[in-house]
file protein.txt (compact mmCIF, C-alpha atoms)
# COMPACT_ATOMS: atom_id res chain seq x y z
CA VAL A 1 0.00 0.00 0.00
CA GLU A 2 1.50 3.34 -1.03
CA VAL A 3 0.69 6.72 0.50
CA MET A 4 2.04 9.86 -1.15
CA GLY A 5 4.49 7.72 -3.15
CA ARG A 6 5.77 5.83 -0.11
CA THR A 7 4.79 2.59 1.55
CA ILE A 8 3.20 2.70 5.00
CA GLU A 9 6.29 0.98 6.38
CA ASP A 10 8.48 3.72 4.89
CA ALA A 11 6.19 6.39 6.34
CA LEU A 12 6.62 4.91 9.81
CA LYS A 13 10.40 4.70 9.36
CA GLU A 14 10.46 8.41 8.53
CA HIS A 15 9.28 8.98 12.11
CA GLY A 16 11.85 6.63 13.64
CA ILE A 17 9.49 3.66 14.04
CA THR A 18 11.53 0.67 12.88
CA ARG A 19 10.43 -2.11 15.22
CA PRO A 20 8.74 -5.17 13.68
CA MET A 21 4.98 -4.80 13.45
CA LEU A 22 2.30 -7.43 13.71
CA PHE A 23 0.09 -5.09 11.74
CA TYR A 24 0.18 -1.66 10.21
CA GLY A 25 -2.36 0.04 8.05
CA LEU A 26 -4.25 3.15 7.05
CA ARG A 27 -7.60 3.94 8.62
CA GLY A 28 -10.02 6.87 8.70
CA SER A 29 -11.28 8.92 5.77
CA ARG A 30 -8.37 8.12 3.44
CA ALA A 31 -8.88 4.39 3.91
CA TYR A 32 -12.47 4.72 2.68
CA GLY A 33 -11.91 7.26 -0.09
CA MET A 34 -13.81 10.01 1.73
CA HIS A 35 -10.92 12.34 2.45
CA ARG A 36 -10.43 15.99 1.58
CA PRO A 37 -7.13 17.24 0.11
CA ASP A 38 -6.06 18.45 3.56
CA SER A 39 -7.10 15.30 5.45
CA ASP A 40 -4.56 13.60 7.70
CA TYR A 41 -3.06 10.20 7.01
CA ASP A 42 -4.13 8.06 9.98
CA PHE A 43 -1.57 5.27 10.40
CA THR A 44 -2.15 2.55 12.97
CA GLY A 45 0.03 -0.36 13.99
CA VAL A 46 0.33 -3.16 16.54
CA TYR A 47 3.63 -4.55 17.82
CA PRO A 48 4.56 -7.36 20.24
CA GLU A 49 6.34 -6.63 23.50
CA THR A 50 9.53 -8.40 24.45
CA PRO A 51 9.77 -10.51 27.63
CA THR A 52 12.09 -7.86 29.07
CA ALA A 53 9.55 -5.13 28.44
CA ILE A 54 6.70 -7.05 30.07
CA PHE A 55 8.52 -8.58 33.03
CA GLY A 56 11.09 -5.85 33.59
CA PRO A 57 10.81 -3.11 36.24
CA ASN A 58 9.33 -0.55 33.85
CA GLY A 59 6.08 -2.43 33.43
CA GLY A 60 5.87 -2.88 29.68
CA ASP A 61 6.14 -0.79 26.55
CA LYS A 62 3.88 2.16 25.91
CA THR A 63 1.55 3.22 23.15
CA ILE A 64 3.25 5.41 20.56
CA SER A 65 0.98 8.26 19.55
CA PHE A 66 1.82 11.55 17.87
CA LYS A 67 0.93 13.84 15.00
CA LYS A 68 3.52 15.37 12.72
CA GLY A 69 2.56 17.26 9.59
CA VAL A 70 -0.14 15.31 7.77
CA ASP A 71 0.78 12.04 9.51
CA ASP A 72 -1.28 11.02 12.54
CA ILE A 73 0.28 7.88 14.02
CA THR A 74 -0.91 5.50 16.72
CA ILE A 75 1.01 2.30 17.49
CA TRP A 76 -0.33 -0.01 20.20
CA THR A 77 1.36 -2.84 22.03
CA LEU A 78 -0.29 -6.20 21.40
CA ARG A 79 -1.46 -6.33 25.03
CA HIS A 80 -3.05 -2.89 24.89
CA PHE A 81 -4.70 -3.74 21.58
CA PHE A 82 -6.41 -6.75 23.18
CA GLN A 83 -7.46 -4.58 26.13
CA LEU A 84 -9.14 -2.25 23.65
CA LEU A 85 -10.91 -5.19 22.02
CA GLU A 86 -12.20 -6.29 25.43
CA ARG A 87 -13.65 -2.79 25.88
CA SER A 88 -15.17 -2.88 22.37
CA ALA A 89 -13.18 0.22 21.37
CA PRO A 90 -14.43 1.13 17.86
CA THR A 91 -10.98 2.17 16.66
CA ALA A 92 -9.45 -1.20 17.57
CA ILE A 93 -12.33 -3.06 15.92
CA GLU A 94 -11.93 -0.95 12.77
CA VAL A 95 -8.20 -1.68 12.66
CA LEU A 96 -8.65 -5.43 13.17
CA TRP A 97 -11.06 -5.66 10.24
CA SER A 98 -9.04 -3.42 7.94
CA PRO A 99 -7.73 -5.05 4.73
CA LEU A 100 -4.41 -6.83 5.19
CA PRO A 101 -1.40 -5.33 3.37
CA ASP A 102 -0.76 -7.10 0.07
CA GLY A 103 1.83 -9.85 0.25
CA GLU A 104 2.11 -9.75 4.04
CA GLU A 105 0.90 -13.25 4.87
CA ILE A 106 2.56 -13.13 8.27
CA TYR A 107 -0.13 -10.72 9.46
CA ALA A 108 -2.89 -13.20 8.64
CA MET A 109 -1.46 -15.60 11.24
CA TRP A 110 -2.72 -13.56 14.16
CA VAL A 111 -5.29 -11.27 12.52
CA TYR A 112 -7.63 -14.10 11.52
CA ARG A 113 -7.30 -15.69 14.95
CA ALA A 114 -8.04 -12.38 16.65
CA ARG A 115 -11.08 -11.85 14.43
CA ALA A 116 -12.35 -15.31 15.34
CA ALA A 117 -11.98 -14.49 19.03
CA CYS A 118 -14.05 -11.31 18.67
CA THR A 119 -17.52 -12.82 18.63
CA ALA A 120 -20.43 -10.42 18.16
CA ASN A 121 -21.81 -9.13 21.46
CA LYS A 122 -24.22 -6.60 22.91
CA GLN A 123 -21.49 -4.49 24.52
CA THR A 124 -19.89 -3.71 21.17
CA ILE A 125 -23.24 -2.75 19.67
CA LYS A 126 -24.06 -0.50 22.63
CA VAL A 127 -20.66 1.21 22.34
CA LEU A 128 -21.36 1.96 18.67
CA LEU A 129 -24.82 3.31 19.54
CA HIS A 130 -23.25 5.56 22.17
CA CYS A 131 -20.69 6.80 19.63
CA ALA A 132 -23.49 7.59 17.17
CA GLU A 133 -25.38 9.55 19.84
CA ASN A 134 -22.29 11.59 20.70
CA PHE A 135 -21.61 12.36 17.05
CA ILE A 136 -25.22 13.51 16.59
CA LYS A 137 -24.74 16.09 19.35
CA LYS A 138 -21.69 17.49 17.54
CA GLN A 139 -23.05 17.58 14.01
CA VAL A 140 -23.43 20.81 12.09
CA VAL A 141 -25.80 20.40 9.16
CA GLY A 142 -24.24 21.58 5.93
CA PRO A 143 -20.94 21.11 4.08
CA GLY A 144 -18.25 19.44 6.17
CA ASN A 145 -20.70 17.52 8.37
CA LYS A 146 -18.13 14.98 9.52
CA SER A 147 -19.92 14.30 12.80
CA GLY A 148 -23.17 13.52 10.99
CA MET A 149 -21.31 11.14 8.70
CA CYS A 150 -19.68 9.35 11.65
CA ALA A 151 -23.03 9.13 13.47
CA LEU A 152 -24.70 7.42 10.53
CA ARG A 153 -21.75 5.09 9.96
CA SER A 154 -21.64 4.05 13.65
CA ALA A 155 -25.38 3.38 13.71
CA LYS A 156 -25.24 1.31 10.52
CA ALA A 157 -22.24 -0.66 11.87
CA ALA A 158 -24.23 -1.50 15.02
CA LEU A 159 -27.17 -2.64 12.90
CA HIS A 160 -24.97 -4.80 10.69
CA ILE A 161 -23.33 -6.57 13.64
CA LEU A 162 -26.72 -7.15 15.27
CA GLU A 163 -28.27 -8.62 12.13
CA THR A 164 -25.34 -10.67 10.84
CA GLY A 165 -22.95 -11.23 13.75
CA ASP A 166 -20.23 -10.04 11.36
CA TYR A 167 -17.94 -7.06 11.92
CA THR A 168 -17.13 -6.69 8.24
CA PHE A 169 -19.61 -4.32 6.64
CA ASP A 170 -19.65 -2.31 3.45
CA VAL A 171 -19.35 1.44 3.81
CA ASN A 172 -21.95 3.25 1.70
CA THR A 173 -19.41 5.76 0.48
CA GLU A 174 -21.86 7.57 -1.80
CA THR A 175 -24.30 8.37 1.02
CA LEU A 176 -21.55 9.38 3.43
CA LEU A 177 -19.99 11.70 0.85
CA ARG A 178 -23.40 13.32 0.34
CA VAL A 179 -23.53 13.95 4.09
CA LEU A 180 -20.07 15.50 4.01
CA ALA A 181 -21.08 17.71 1.09
CA GLY A 182 -24.15 18.95 2.92
CA GLN A 183 -26.45 17.30 0.37
CA TYR A 184 -28.08 14.90 2.82
CA ASP A 185 -29.06 15.36 6.47
CA PRO A 186 -28.54 11.95 8.15
CA ILE A 187 -30.22 12.81 11.44
CA GLU A 188 -33.58 11.10 10.75
CA GLU A 189 -32.05 7.95 9.30
CA THR A 190 -29.57 7.77 12.17
CA TYR A 191 -32.27 8.12 14.85
CA GLU A 192 -34.46 5.52 13.15
CA THR A 193 -31.53 3.10 13.01
CA LEU A 194 -30.69 3.69 16.68
CA GLU A 195 -34.25 3.04 17.81
CA PHE A 196 -34.53 -0.09 15.67
CA VAL A 197 -31.28 -1.51 17.05
CA ARG A 198 -32.25 -0.75 20.66
CA GLU A 199 -35.55 -2.61 20.26
CA ARG A 200 -33.90 -5.59 18.58
CA LEU A 201 -31.24 -5.77 21.31
CA LYS A 202 -33.95 -6.46 23.91
CA THR A 203 -34.65 -9.86 22.39
CA SER A 204 -31.21 -10.62 20.94
CA ASN A 205 -29.45 -13.84 21.88
CA LEU A 206 -25.99 -12.35 21.44
CA ARG A 207 -23.59 -12.73 24.35
CA ALA A 208 -23.49 -9.75 26.70
CA ARG A 209 -19.77 -8.97 26.43
CA PRO A 210 -16.67 -9.94 24.44
CA ASP A 211 -15.22 -13.33 25.38
CA THR A 212 -12.52 -12.06 27.73
CA LYS A 213 -11.18 -15.55 28.42
CA LYS A 214 -10.74 -16.28 24.73
CA LEU A 215 -9.06 -12.92 24.04
CA THR A 216 -6.71 -13.30 27.04
CA GLU A 217 -5.67 -16.81 26.02
CA LEU A 218 -5.00 -15.68 22.46
CA CYS A 219 -2.96 -12.67 23.60
CA CYS A 220 -0.80 -14.92 25.79
CA SER A 221 -0.34 -17.63 23.14
CA LEU A 222 0.63 -15.08 20.47
CA HIS A 223 3.34 -13.63 22.69
CA GLN A 224 4.65 -17.10 23.51
CA GLU A 225 4.76 -18.08 19.84
CA LEU A 226 6.58 -14.89 18.92
CA TRP A 227 9.08 -15.28 21.74
CA LYS A 228 9.91 -18.79 20.57
CA GLY A 229 11.61 -17.30 17.57
CA LEU A 230 9.89 -16.17 14.43
CA PRO A 231 12.88 -14.98 12.34
CA GLU A 232 11.31 -11.56 11.86
CA TRP A 233 11.49 -10.89 15.59
CA LYS A 234 14.56 -12.81 16.69
CA SER A 235 16.88 -9.83 16.80
CA HIS A 236 14.35 -7.82 18.80
CA LEU A 237 13.43 -10.31 21.51
call {"tool": "encode", "arguments": {"input": "protein.txt", "output": "structure tokens"}}
result
Amino acid sequence: VEVMGRTIEDALKEHGITRPMLFYGLRGSRAYGMHRPDSDYDFTGVYPETPTAIFGPNGGDKTISFKKGVDDITIWTLRHFFQLLERSAPTAIEVLWSPLPDGEEIYAMWVYRARAACTANKQTIKVLLHCAENFIKKQVVGPGNKSGMCALRSAKAALHILETGDYTFDVNTETLLRVLAGQYDPIEETYETLEFVRERLKTSNLRARPDTKKLTELCCSLHQELWKGLPEWKSHL
């Protein structure tokens, strides 16, 4: 994947981030083709911690997060990423279901297993509904209605997960671009979707929360497998 004539890996190296990644990708408006010329490039990555980092006196590595120029970068440790999944953090869910970089089969090893561990649940849907409600409060009808766009997208994501149990959903780019352009007010459709989802949740058989036990076991097993010596990480462990 190239961004401004450079690969995402090269973009991260420009900012001094050279450690091996379990995942890196582009998210946000540019990932969905809904960006403006001045939109940021939102890079996100996940990296494994070394045994020294986890068991040493400093208590583990930290999240790397900063903005420089048009690059907005967030790099999570694998442990923190799983903590976010347990909390149903929308950003972590979006990252996990982002397309895998071409030719990077090593990512599929843990990404597909992590996706399988993230079974659909009521907590995730409620978090998305709450996000939609917050975006509605911030929206300004007219051109540049980013909050209205995000409200509609969050509501539709909640509906899709409720109806299908699947986190992978198609973004209706045409409708969202109309919202951004001030050509469509999403407030009524968003409210109708929220009310429909709330009613359906009352009789849903989905589990109440993410499967914490499954996510914890996978996080531990992934670290153990990596520490045993994948060549890509040997010199860093």
call {"tool": "residues_around", "arguments": {"input": "protein.txt", "residues": "Arg153 in chain A", "least_positions_apart": "3", "cutoff": "9 Å", "atoms": "all atoms listed in the file", "output": "list in words"}}
result
Ala132, Gly148, Met149, Cys150, Lys156, Ala157, Ala158, Val171, Asn172, Leu176 and Thr190 of chain A
call {"tool": "residues_around", "arguments": {"input": "protein.txt", "residues": "Ser98 in chain A", "least_positions_apart": "4", "cutoff": "8 Å", "atoms": "all atoms listed in the file", "output": "ChimeraX atom specification"}}
result
/A:25,27,94
call {"tool": "closest_residue", "arguments": {"input": "protein.txt", "among": "A:Cys118, A:Ala108, A:Leu222, A:Leu194", "to": "Leu84 in chain A", "atoms": "all atoms listed in the file"}}
result
A:Cys118
call {"tool": "residues_around", "arguments": {"input": "protein.txt", "residues": "Gln183 in chain A", "least_positions_apart": "6", "cutoff": "9 Å", "atoms": "only C-alpha atoms", "output": "PyMOL selection string"}}
result
chain A and resi 142-143+177
call {"tool": "write_last_selection", "arguments": {"input": "protein.txt", "atoms": "C-alpha atoms", "output": "PDB file, in the frame of the given file"}}
result
ATOM      1  CA  GLY A 142     -24.240  21.580   5.930  1.00  0.00           C
ATOM      2  CA  PRO A 143     -20.940  21.110   4.080  1.00  0.00           C
ATOM      3  CA  LEU A 177     -19.990  11.700   0.850  1.00  0.00           C
TER       4      LEU A 177
END
call {"tool": "residues_around", "arguments": {"input": "protein.txt", "residues": "range 195-211 of chain A", "least_positions_apart": "2", "cutoff": "7 Å", "atoms": "only C-alpha atoms", "output": "list in words"}}
result
Glu86, Cys118, Thr119, Ala120, Asn121, Lys122, Gln123, Leu159, Tyr191, Glu192, Thr193, Lys213, Lys214 and Leu215 of chain A
call {"tool": "atom_distance", "arguments": {"input": "protein.txt", "atom1": "CA of Ile73 in chain A", "atom2": "CA of Lys146 in chain A"}}
result
20.2 Å
call {"tool": "residues_around", "arguments": {"input": "protein.txt", "residues": "Phe82 in chain A", "least_positions_apart": "4", "cutoff": "9 Å", "atoms": "all atoms listed in the file", "output": "list in words"}}
result
Thr77, Leu78, Glu86, Arg87, Ala92, Ala114, Leu215, Thr216 and Cys219 of chain A
